[in-house]
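> What follows is my_file_0.cif; its format and atoms are mmCIF, C-alpha atoms.
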data_upload
#
loop_
_atom_site.label_atom_id
_atom_site.label_comp_id
_atom_site.auth_asym_id
_atom_site.auth_seq_id
_atom_site.Cartn_x
_atom_site.Cartn_y
_atom_site.Cartn_z
CA MET A 1 80.56 -38.96 -85.09
CA SER A 2 84.26 -38.56 -84.32
CA HIS A 3 86.70 -35.64 -84.21
CA SER A 4 88.45 -34.97 -87.51
CA THR A 5 91.72 -35.26 -85.57
CA LYS A 6 92.04 -37.74 -82.73
CA CYS A 7 92.88 -36.26 -79.30
CA ALA A 8 96.22 -37.23 -77.71
CA ALA A 9 94.47 -39.75 -75.45
CA CYS A 10 92.57 -41.55 -78.22
CA LYS A 11 95.66 -41.48 -80.46
CA SER A 12 97.76 -43.03 -77.68
CA LEU A 13 95.09 -45.61 -76.81
CA ARG A 14 94.51 -46.33 -80.54
CA ARG A 15 90.76 -45.84 -80.32
CA ARG A 16 88.15 -43.81 -82.14
CA CYS A 17 87.84 -40.26 -80.76
CA CYS A 18 84.09 -39.75 -80.39
CA LYS A 19 82.40 -36.35 -80.40
CA ASP A 20 81.73 -36.64 -76.66
CA CYS A 21 85.28 -37.77 -75.77
CA VAL A 22 85.77 -36.59 -72.17
CA LEU A 23 89.53 -36.20 -72.59
CA ALA A 24 89.64 -34.47 -76.00
CA PRO A 25 89.15 -30.85 -74.77
CA TYR A 26 92.07 -31.17 -72.33
CA PHE A 27 94.50 -33.39 -74.19
CA PRO A 28 94.96 -31.99 -77.72
CA PRO A 29 96.92 -34.00 -80.32
CA THR A 30 99.47 -31.15 -80.41
CA ASN A 31 100.72 -32.09 -76.92
CA PRO A 32 101.05 -35.89 -76.77
CA GLN A 33 103.53 -35.65 -73.84
CA ARG A 34 100.88 -34.11 -71.62
CA PHE A 35 98.61 -37.13 -72.00
CA SER A 36 101.52 -39.55 -71.88
CA ARG A 37 102.60 -38.32 -68.41
CA VAL A 38 99.06 -38.27 -67.00
CA HIS A 39 98.42 -41.73 -68.46
CA LYS A 40 101.60 -43.10 -66.90
CA VAL A 41 100.78 -41.77 -63.44
CA PHE A 42 96.98 -41.89 -63.15
CA GLY A 43 95.92 -44.15 -66.01
CA ALA A 44 93.44 -43.15 -68.73
CA SER A 45 90.50 -44.81 -66.98
CA ASN A 46 91.08 -42.95 -63.70
CA ILE A 47 91.55 -39.58 -65.41
CA THR A 48 88.32 -40.09 -67.36
CA LYS A 49 86.43 -41.09 -64.19
CA MET A 50 87.85 -38.17 -62.19
CA LEU A 51 86.97 -35.65 -64.92
CA GLU A 52 83.48 -37.09 -65.46
CA GLN A 53 82.70 -36.60 -61.77
CA LEU A 54 83.31 -32.86 -62.09
CA PRO A 55 81.07 -30.16 -63.60
CA LEU A 56 82.21 -29.08 -67.07
CA HIS A 57 83.52 -25.66 -65.99
CA LEU A 58 85.98 -27.21 -63.50
CA ARG A 59 87.40 -29.93 -65.77
CA ALA A 60 90.07 -27.77 -67.48
CA VAL A 61 91.57 -26.73 -64.12
CA ALA A 62 91.42 -30.31 -62.85
CA ALA A 63 93.16 -31.59 -66.01
CA ASP A 64 95.87 -28.93 -65.61
CA CYS A 65 96.39 -29.87 -61.95
CA MET A 66 96.54 -33.59 -62.76
CA SER A 67 99.00 -32.82 -65.55
CA PHE A 68 101.15 -30.84 -63.10
CA GLU A 69 101.01 -33.65 -60.51
CA ALA A 70 101.91 -36.23 -63.15
CA SER A 71 104.87 -34.14 -64.38
CA SER A 72 106.07 -33.76 -60.79
CA ARG A 73 105.94 -37.52 -60.24
CA VAL A 74 107.71 -38.25 -63.54
CA GLU A 75 110.47 -35.77 -62.60
CA ASP A 76 110.68 -36.96 -58.97
CA PRO A 77 109.43 -40.59 -58.79
CA VAL A 78 109.85 -40.72 -55.00
CA TYR A 79 108.31 -37.49 -53.73
CA GLY A 80 106.32 -36.19 -56.74
CA SER A 81 104.32 -33.04 -55.96
CA VAL A 82 104.75 -33.75 -52.23
CA GLY A 83 108.43 -32.84 -52.74
CA ILE A 84 107.35 -29.38 -53.90
CA ILE A 85 105.06 -29.10 -50.86
CA SER A 86 108.00 -29.97 -48.56
CA GLN A 87 110.26 -27.40 -50.25
CA LEU A 88 107.60 -24.70 -49.94
CA GLN A 89 107.00 -25.57 -46.29
CA GLU A 90 110.76 -25.22 -45.63
CA GLN A 91 110.72 -21.88 -47.48
CA ILE A 92 107.81 -20.72 -45.29
CA ILE A 93 109.61 -21.79 -42.10
CA LYS A 94 112.70 -19.86 -43.30
CA ALA A 95 110.69 -16.74 -44.24
CA GLU A 96 108.71 -16.82 -40.99
CA SER A 97 111.87 -17.30 -38.94
CA GLU A 98 113.51 -14.35 -40.74
CA LEU A 99 110.34 -12.33 -40.12
CA ALA A 100 110.39 -13.16 -36.40
CA LYS A 101 114.11 -12.21 -36.25
CA THR A 102 113.45 -8.94 -38.08
CA LYS A 103 110.48 -8.14 -35.80
CA SER A 104 112.65 -8.73 -32.74
CA GLU A 105 115.22 -6.35 -34.25
CA ILE A 106 112.48 -3.73 -34.58
CA ALA A 107 111.43 -4.33 -30.96
CA PHE A 108 115.09 -3.86 -29.93
CA HIS A 109 115.34 -0.63 -31.98
CA ASN A 110 112.13 0.68 -30.41
CA ALA A 111 113.32 -0.15 -26.89
CA GLN A 112 116.67 1.49 -27.64
CA GLN A 113 114.97 4.62 -28.98
CA LEU A 114 112.67 4.82 -25.96
CA GLN A 115 115.68 4.48 -23.64
CA GLN A 116 117.46 7.24 -25.59
CA GLN A 117 114.43 9.53 -25.36
CA GLN A 118 114.18 8.90 -21.61
CA ASN A 119 117.91 9.66 -21.21
CA GLU A 120 117.52 12.87 -23.24
CA SER A 121 114.50 13.84 -21.15
CA SER A 122 116.49 13.27 -17.90
CA SER A 123 119.45 15.14 -19.39
CA CYS A 124 117.18 18.08 -20.28
CA LYS A 125 115.83 18.17 -16.72
CA ILE A 126 119.39 18.18 -15.34
CA GLU A 127 120.33 20.96 -17.79
CA GLU A 128 117.25 22.92 -16.77
CA LEU A 129 118.19 22.53 -13.12
CA HIS A 130 121.76 23.52 -14.01
CA ASP A 131 120.47 26.58 -15.94
CA THR A 132 118.28 27.55 -12.98
CA ASP A 133 121.29 27.24 -10.67
CA GLU A 134 123.37 29.37 -13.04
CA ALA A 135 120.61 31.94 -13.28
CA THR A 136 120.41 32.06 -9.49
CA THR A 137 124.19 32.40 -9.21
CA ASN A 138 124.21 35.15 -11.89
CA SER A 139 121.44 37.04 -10.16
CA THR A 140 123.31 36.92 -6.86
CA VAL A 141 126.59 37.78 -8.51
CA LYS A 142 125.21 40.69 -10.58
CA PRO A 143 124.23 42.91 -7.67
CA VAL A 144 127.64 42.28 -6.12
CA SER A 145 129.27 43.15 -9.42
CA SER A 146 127.07 46.23 -9.79
CA LYS A 147 127.88 47.16 -6.25
CA ASN A 148 131.54 46.87 -7.02
CA SER A 149 131.11 48.89 -10.22
CA LYS A 150 129.32 51.61 -8.37
CA MET B 1 103.87 -69.01 -50.57
CA SER B 2 101.46 -66.28 -49.50
CA HIS B 3 101.15 -63.93 -46.50
CA SER B 4 99.12 -65.39 -43.65
CA THR B 5 97.01 -62.20 -43.87
CA LYS B 6 96.33 -60.58 -47.23
CA CYS B 7 97.55 -56.98 -47.64
CA ALA B 8 94.96 -54.23 -48.16
CA ALA B 9 95.69 -54.22 -51.92
CA CYS B 10 95.30 -57.97 -52.46
CA LYS B 11 92.22 -58.03 -50.21
CA SER B 12 90.65 -55.21 -52.23
CA LEU B 13 91.61 -56.80 -55.56
CA ARG B 14 90.46 -60.25 -54.31
CA ARG B 15 93.72 -61.94 -55.24
CA ARG B 16 96.30 -64.15 -53.54
CA CYS B 17 98.87 -62.10 -51.60
CA CYS B 18 102.21 -63.69 -52.58
CA LYS B 19 105.35 -63.49 -50.45
CA ASP B 20 106.89 -61.05 -52.91
CA CYS B 21 103.82 -58.78 -53.14
CA VAL B 22 105.21 -55.34 -53.98
CA LEU B 23 102.35 -53.52 -52.25
CA ALA B 24 102.10 -55.59 -49.05
CA PRO B 25 104.82 -53.73 -47.02
CA TYR B 26 103.14 -50.36 -47.65
CA PHE B 27 99.46 -51.21 -47.61
CA PRO B 28 98.73 -53.27 -44.49
CA PRO B 29 95.28 -54.86 -44.03
CA THR B 30 94.81 -52.69 -40.94
CA ASN B 31 94.44 -49.59 -43.13
CA PRO B 32 92.21 -50.49 -46.10
CA GLN B 33 91.32 -46.80 -46.66
CA ARG B 34 94.95 -46.00 -47.50
CA PHE B 35 94.95 -48.46 -50.40
CA SER B 36 91.41 -47.57 -51.41
CA ARG B 37 92.35 -43.89 -51.95
CA VAL B 38 95.59 -44.67 -53.82
CA HIS B 39 93.76 -47.24 -55.95
CA LYS B 40 91.02 -44.75 -56.82
CA VAL B 41 93.49 -42.06 -57.92
CA PHE B 42 96.48 -43.92 -59.39
CA GLY B 43 95.18 -47.44 -59.95
CA ALA B 44 96.78 -50.59 -58.51
CA SER B 45 98.73 -51.32 -61.68
CA ASN B 46 100.34 -47.85 -61.81
CA ILE B 47 101.24 -47.88 -58.09
CA THR B 48 102.86 -51.29 -58.49
CA LYS B 49 104.81 -50.14 -61.56
CA MET B 50 105.93 -46.90 -59.91
CA LEU B 51 107.08 -48.71 -56.75
CA GLU B 52 108.85 -51.47 -58.72
CA GLN B 53 110.91 -48.85 -60.56
CA LEU B 54 112.34 -47.59 -57.25
CA PRO B 55 115.07 -49.11 -55.07
CA LEU B 56 113.63 -50.89 -52.00
CA HIS B 57 114.80 -48.27 -49.48
CA LEU B 58 112.83 -45.48 -51.24
CA ARG B 59 109.55 -47.34 -51.69
CA ALA B 60 108.09 -46.57 -48.25
CA VAL B 61 108.55 -42.81 -48.73
CA ALA B 62 107.14 -43.02 -52.27
CA ALA B 63 104.10 -44.96 -51.02
CA ASP B 64 103.55 -42.36 -48.28
CA CYS B 65 103.79 -39.53 -50.82
CA MET B 66 101.42 -41.24 -53.25
CA SER B 67 99.02 -41.85 -50.37
CA PHE B 68 99.20 -38.16 -49.43
CA GLU B 69 98.62 -37.10 -53.05
CA ALA B 70 95.68 -39.47 -53.38
CA SER B 71 94.10 -38.20 -50.14
CA SER B 72 94.53 -34.63 -51.38
CA ARG B 73 92.78 -35.45 -54.65
CA VAL B 74 89.94 -37.32 -52.89
CA GLU B 75 89.46 -34.32 -50.58
CA ASP B 76 89.79 -31.76 -53.39
CA PRO B 77 88.85 -33.42 -56.72
CA VAL B 78 89.68 -30.27 -58.73
CA TYR B 79 93.02 -29.10 -57.36
CA GLY B 80 94.31 -32.10 -55.37
CA SER B 81 97.83 -31.57 -53.97
CA VAL B 82 98.28 -28.65 -56.39
CA GLY B 83 95.73 -26.79 -54.24
CA ILE B 84 98.07 -27.18 -51.25
CA ILE B 85 100.98 -25.93 -53.39
CA SER B 86 98.96 -22.84 -54.37
CA GLN B 87 98.02 -22.14 -50.73
CA LEU B 88 101.65 -22.46 -49.64
CA GLN B 89 102.81 -20.19 -52.47
CA GLU B 90 100.26 -17.58 -51.36
CA GLN B 91 101.49 -17.97 -47.76
CA ILE B 92 105.10 -17.44 -48.95
CA ILE B 93 104.14 -14.33 -50.94
CA LYS B 94 102.37 -13.01 -47.80
CA ALA B 95 105.31 -13.81 -45.50
CA GLU B 96 107.87 -12.35 -47.93
CA SER B 97 105.78 -9.22 -48.41
CA GLU B 98 105.49 -8.83 -44.61
CA LEU B 99 109.25 -9.38 -44.35
CA ALA B 100 109.95 -6.70 -46.99
CA LYS B 101 107.59 -4.31 -45.15
CA THR B 102 109.29 -5.03 -41.82
CA LYS B 103 112.76 -4.57 -43.34
CA SER B 104 111.72 -1.22 -44.79
CA GLU B 105 110.48 -0.27 -41.30
CA ILE B 106 113.93 -1.12 -39.94
CA ALA B 107 115.58 0.94 -42.68
CA PHE B 108 113.28 3.86 -41.73
CA HIS B 109 114.16 3.44 -38.02
CA ASN B 110 117.88 3.39 -38.86
CA ALA B 111 117.60 6.48 -41.05
CA GLN B 112 115.61 8.24 -38.32
CA GLN B 113 118.19 7.32 -35.68
CA LEU B 114 121.06 8.51 -37.89
CA GLN B 115 119.26 11.81 -38.47
CA GLN B 116 118.72 12.17 -34.71
CA GLN B 117 122.40 11.45 -34.01
CA GLN B 118 123.44 14.03 -36.64
CA ASN B 119 121.05 16.60 -35.11
CA GLU B 120 122.45 15.90 -31.62
CA SER B 121 125.97 16.22 -32.96
CA SER B 122 125.15 19.61 -34.59
CA SER B 123 123.36 20.71 -31.42
CA CYS B 124 126.47 19.80 -29.36
CA LYS B 125 128.68 21.81 -31.72
CA ILE B 126 126.34 24.83 -31.40
CA GLU B 127 126.36 24.46 -27.62
CA GLU B 128 130.15 24.22 -27.66
CA LEU B 129 130.33 27.39 -29.78
CA HIS B 130 127.85 29.06 -27.43
CA ASP B 131 129.93 27.98 -24.39
CA THR B 132 133.08 29.35 -26.08
CA ASP B 133 131.28 32.65 -26.78
CA GLU B 134 130.14 32.86 -23.17
CA ALA B 135 133.65 32.08 -21.96
CA THR B 136 135.03 34.83 -24.22
CA THR B 137 132.41 37.30 -23.02
CA ASN B 138 133.16 36.41 -19.40
CA SER B 139 136.89 36.75 -19.94
CA THR B 140 136.44 40.22 -21.56
CA VAL B 141 133.95 41.27 -18.94
CA LYS B 142 136.02 40.11 -16.02
CA PRO B 143 138.98 42.51 -16.52
CA VAL B 144 136.49 45.37 -16.90
CA SER B 145 134.73 44.25 -13.79
CA SER B 146 138.04 43.80 -12.01
CA LYS B 147 139.15 47.21 -13.25
CA ASN B 148 135.95 48.68 -11.87
CA SER B 149 136.39 46.85 -8.65
CA LYS B 150 139.92 48.04 -8.32
#
So, in terms of structure tokens, how does the structure I just supplied come out?


Amino acid sequence: MSHSTKCAACKSLRRRCCKDCVLAPYFPPTNPQRFSRVHKVFGASNITKMLEQLPLHLRAVAADCMSFEASSRVEDPVYGSVGIISQLQEQIIKAESELAKTKSEIAFHNAQQLQQQQNESSSCKIEELHDTDEATTNSTVKPVSSKNSK
Amino acid sequence: MSHSTKCAACKSLRRRCCKDCVLAPYFPPTNPQRFSRVHKVFGASNITKMLEQLPLHLRAVAADCMSFEASSRVEDPVYGSVGIISQLQEQIIKAESELAKTKSEIAFHNAQQLQQQQNESSSCKIEELHDTDEATTNSTVKPVSSKNSK
């Protein structure tokens, strides 16, 4: 028994699309380009073999990934999906470098704030000492002043 | 004329390795596994076609990339190199999220520091006013005191 409508793979390969066609669920006749790209890069025989080796529930994801890889290689015949990997790795290096820079800025801010707090603390101590001195001076001056006022 | 030693591809395909063998420069007999993986995933015919379509100086990089892609698919038959792309994308999302978090921390630090500076500035103004008040009090007290002392 065959499908009423041939899948994109069987249509492209001009063969009968049997009920158990391994490729039919993942390469519908509505998207012939999808099969065409995968066929050009991996070959129909390899795709079939690779899908057959997988349990049924993983085949759709595998077909999607192979389709993505094939599209990448058609768009970039030199680097293919490895080109995307390189770009992403560069992006990670950039992001991680910016993160390290930003973290060092935070460390600088923290050190600066600590320094400021220490300075304020020293300044407070000096002011306290100064206040104590003033209080002492006032207390020695007051009796003199009160003496004079008497 | 053929190579004195067959390349990994011609050895695997049990054929004569001609002088102009497209695969020979990139699949040496010393590394049969490299060809075996690429053959399993892309097929010898597709690799040859894809390399032939490229200028000579780009073929080595393309062969390396195809070899990497094939290894990825042999190691991970469901996701292949797309699995690496997904992992890297997750890593980027993580790094960018950490970066955004760290930047917001910096913005908080800056706002905190600005607030502190404004508080110090207001505190200085109050102290200045206080000092002026004290000076005024002293200057009004002094004549009284001097009057008394007279």

> Show which residues sit within 12 Å of Asp64 in chain A, as a PDB file with C-alpha atoms, in the frame of the given file. Count only C-alpha atoms, and ignore same-chain residues fewer than 6 positions away.


ATOM      1  CA  LEU A  23      89.530 -36.200 -72.590  1.00  0.00           C
ATOM      2  CA  PRO A  25      89.150 -30.850 -74.770  1.00  0.00           C
ATOM      3  CA  TYR A  26      92.070 -31.170 -72.330  1.00  0.00           C
ATOM      4  CA  PHE A  27      94.500 -33.390 -74.190  1.00  0.00           C
ATOM      5  CA  ARG A  34     100.880 -34.110 -71.620  1.00  0.00           C
ATOM      6  CA  PHE A  35      98.610 -37.130 -72.000  1.00  0.00           C
ATOM      7  CA  ARG A  37     102.600 -38.320 -68.410  1.00  0.00           C
ATOM      8  CA  VAL A  38      99.060 -38.270 -67.000  1.00  0.00           C
ATOM      9  CA  ILE A  47      91.550 -39.580 -65.410  1.00  0.00           C
ATOM     10  CA  LEU A  51      86.970 -35.650 -64.920  1.00  0.00           C
ATOM     11  CA  LEU A  58      85.980 -27.210 -63.500  1.00  0.00           C
ATOM     12  CA  ALA A  70     101.910 -36.230 -63.150  1.00  0.00           C
ATOM     13  CA  SER A  71     104.870 -34.140 -64.380  1.00  0.00           C
TER      14      SER A  71
ATOM     15  CA  VAL B  78      89.680 -30.270 -58.730  1.00  0.00           C
ATOM     16  CA  TYR B  79      93.020 -29.100 -57.360  1.00  0.00           C
ATOM     17  CA  GLY B  80      94.310 -32.100 -55.370  1.00  0.00           C
ATOM     18  CA  VAL B  82      98.280 -28.650 -56.390  1.00  0.00           C
ATOM     19  CA  GLY B  83      95.730 -26.790 -54.240  1.00  0.00           C
TER      20      GLY B  83
END

> Carefully work through the PyMOL selection byres ((chain B) within 9 of (chain A)) for this structure and note down the residues it includes, as a ChimeraX atom specification.

/B:40-43,45-47,50-51,53-54,58-59,61-66,68-69,77-85,88-89,91-92,95-96,98-100,102-103,105-106,109-110,113,145-150

> Selected residues, C-alpha atoms, written as a short mmCIF file (atom, residue, chain, number, x, y, z; two decimals), in the frame of the given file, please.


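This went into selection39.cif:
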data_model
loop_
_atom_site.label_atom_id
_atom_site.label_comp_id
_atom_site.auth_asym_id
_atom_site.auth_seq_id
_atom_site.Cartn_x
_atom_site.Cartn_y
_atom_site.Cartn_z
CA LYS B 40 91.02 -44.75 -56.82
CA VAL B 41 93.49 -42.06 -57.92
CA PHE B 42 96.48 -43.92 -59.39
CA GLY B 43 95.18 -47.44 -59.95
CA SER B 45 98.73 -51.32 -61.68
CA ASN B 46 100.34 -47.85 -61.81
CA ILE B 47 101.24 -47.88 -58.09
CA MET B 50 105.93 -46.90 -59.91
CA LEU B 51 107.08 -48.71 -56.75
CA GLN B 53 110.91 -48.85 -60.56
CA LEU B 54 112.34 -47.59 -57.25
CA LEU B 58 112.83 -45.48 -51.24
CA ARG B 59 109.55 -47.34 -51.69
CA VAL B 61 108.55 -42.81 -48.73
CA ALA B 62 107.14 -43.02 -52.27
CA ALA B 63 104.10 -44.96 -51.02
CA ASP B 64 103.55 -42.36 -48.28
CA CYS B 65 103.79 -39.53 -50.82
CA MET B 66 101.42 -41.24 -53.25
CA PHE B 68 99.20 -38.16 -49.43
CA GLU B 69 98.62 -37.10 -53.05
CA PRO B 77 88.85 -33.42 -56.72
CA VAL B 78 89.68 -30.27 -58.73
CA TYR B 79 93.02 -29.10 -57.36
CA GLY B 80 94.31 -32.10 -55.37
CA SER B 81 97.83 -31.57 -53.97
CA VAL B 82 98.28 -28.65 -56.39
CA GLY B 83 95.73 -26.79 -54.24
CA ILE B 84 98.07 -27.18 -51.25
CA ILE B 85 100.98 -25.93 -53.39
CA LEU B 88 101.65 -22.46 -49.64
CA GLN B 89 102.81 -20.19 -52.47
CA GLN B 91 101.49 -17.97 -47.76
CA ILE B 92 105.10 -17.44 -48.95
CA ALA B 95 105.31 -13.81 -45.50
CA GLU B 96 107.87 -12.35 -47.93
CA GLU B 98 105.49 -8.83 -44.61
CA LEU B 99 109.25 -9.38 -44.35
CA ALA B 100 109.95 -6.70 -46.99
CA THR B 102 109.29 -5.03 -41.82
CA LYS B 103 112.76 -4.57 -43.34
CA GLU B 105 110.48 -0.27 -41.30
CA ILE B 106 113.93 -1.12 -39.94
CA HIS B 109 114.16 3.44 -38.02
CA ASN B 110 117.88 3.39 -38.86
CA GLN B 113 118.19 7.32 -35.68
CA SER B 145 134.73 44.25 -13.79
CA SER B 146 138.04 43.80 -12.01
CA LYS B 147 139.15 47.21 -13.25
CA ASN B 148 135.95 48.68 -11.87
CA SER B 149 136.39 46.85 -8.65
CA LYS B 150 139.92 48.04 -8.32
#

> Would you compute the distance between CA of Glu52 in chain B and CA of Arg14 in chain A? Give it in Å to one decimal.

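Separating CA of Glu52 in chain B from CA of Arg14 in chain A is a distance of 26.6 Å.
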
> What is the distance, in Å and to one decimal place, between CA of Glu75 in chain A and CA of Ala24 in chain B?

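CA of Ala24 in chain B lies 25.4 Å from CA of Glu75 in chain A.
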
> Work out how far CA of Ala8 in chain B is from CA of Thr30 in chain B, in Å to one decimal.

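Going from CA of Thr30 in chain B over to CA of Ala8 in chain B, I get 7.4 Å.
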
> Specify the axis-aligned box that encloses all atoms of range 40-52 of chain B listed in the file after padding of 3 Å on each side, stating its centre and edge lengths in Å to one decimal as AutoDock Vina command-line options.


--center_x 99.9 --center_y -46.8 --center_z -59.3 --size_x 23.8 --size_y 15.4 --size_z 11.1
